[in-house]
Amino acid sequence: VQMSCLMQSEVKREVLRLHIIVMSDLLELSNVKKALCDYSSDSKGFASAQAVLRALRLTNSSRPDVVLDAVPRVLKQSRKVGDEIWSVYEQYFLALLDVHDPENAKGVLLAMREEFPDSKRVSGLAQLYSEAFEAEDALAEAREESKSSVERELLRDRVVEGRTLGRKEALEKLSAYLKVYCADPEAWLEICTIYFNNLDFKQAQHAFEEVLLSDPSNPALISKLAEILYAVGTEEALVEARKYFSRSLSLLGDGNTRALWGLYMVRASHSLMPGYCS
């Protein structure tokens with residue numbers, strides 16, 4: 001019987017505690033509603049703005065629209081707020097997160113960091129900022145990259161189609177493509193091939209120089225440019241061809257028969273020129 005009485009007493013106390021909590025919550029909600037009502041009905045001055053911000057903080061209520069409207073009114077008279085100003089800043093920061101305003105949120109965060117450089121609470125807010133915006137930025141960047149990749153593939157398809165067209169049409173398509181992706185070696189190689197097949201070796205040289213920029217230490221590409229310069233055939237071009245063949249040879253060694261043969265051909269062509277001295 002005594003145990004039963006004790007249990008009943010514990011139950012009553014727990015019911016009373018829950019009742020107090022519920023009543024307290026209802027009172028706080030009532031205060032929030034009153035503060036919101038006062039704020040919307042009066043001229044939205046400093047006093048009602050401060051009251052509504054306090055009420056929202058006490059109940060952890062999220063009303064970013066109200067916070068973003070009330071905070072500037074409080075900050076205009078920040079001297080009246082005292083140390084409570086930093087609670088207002090935090091409230092403002094969280095509201096900015098809610099409405100996805102990274103620029104202003106960052107400004108508020110920097111102000112809090114400057115005031116409290118070693119604060120764990122501010123570090124926690126910085127983590128919230130990072131989670132809210134930096135991950136979003138990374139996702140947006142990935143989406144943009146993906147979009148760019150798709151657009152690039154579509155343009156490349158058009159370039160491939162251009163191979164079946166005449167020289168002029170193909171060059172026009174490739175030139176349009178390179179205005180968007182000026183560092184694409186494959187497109188420059190296409191242009192080089194068109195010019196080379198049409199015996200326009202000087203233009204082929206310029207195009208292949210752009211190809212070489214993508215991998216300037218590649219001995220095969222270096223030898224290819226040397227061969228195009230050899231095809232240009234001028235004395236200046238032959239001097240350049242010899243330099244490139246020598247460069248390719250230095251990268252691969254004596255096993256680079258392509259460069260060795262190229263040097264021989266350059267020397268032979270050079271020796272036929274007027275005024276040549278070995």
# chains A, B, ... in the order shown; residues from 1 in each chain; ligands from 1
$ select_by_dssp --residues "region 60-151 of chain A" --states "helix (DSSP H, G or I)" --output "PyMOL selection string"
chain A and resi 64-75+78-80+82-98+102-115+120-151
$ closest_residue --among "A:Ser48, A:Tyr195, A:Ala187, A:Leu229" --to "Val211 (chain A)" --atoms "only C-alpha atoms"
A:Ala187
$ residues_around --residues "region 95-111 of chain A" --least-positions-apart "4" --cutoff "10 Å" --atoms "only C-alpha atoms" --output "list in words"
Ser62, Arg63, Pro64, Asp65, Val66, Val67, Leu68, Trp86, Tyr89, Glu90, Gln91, Glu115, Phe116, Pro117, Val122, Ser123, Leu125, Ala126, Leu128, Tyr129, Ser130, Ala132, Phe133 and Glu134 of chain A
$ closest_residue --among "A:Ile222, A:Ala231, A:Cys182, A:Ala237" --to "Ser250 (chain A)" --atoms "only C-alpha atoms"
A:Ile222
$ atom_distance --atom1 "CA of Glu209 (chain A)" --atom2 "CA of Ile228 (chain A)"
10.1 Å
$ atom_distance --atom1 "CA of Pro219 (chain A)" --atom2 "CA of Pro185 (chain A)"
15.8 Å
$ residues_around --residues "Ser269 (chain A)" --least-positions-apart "3" --cutoff "10 Å" --atoms "only C-alpha atoms" --output "ChimeraX atom specification"
/A:230,233-235,238,263-266,272-273
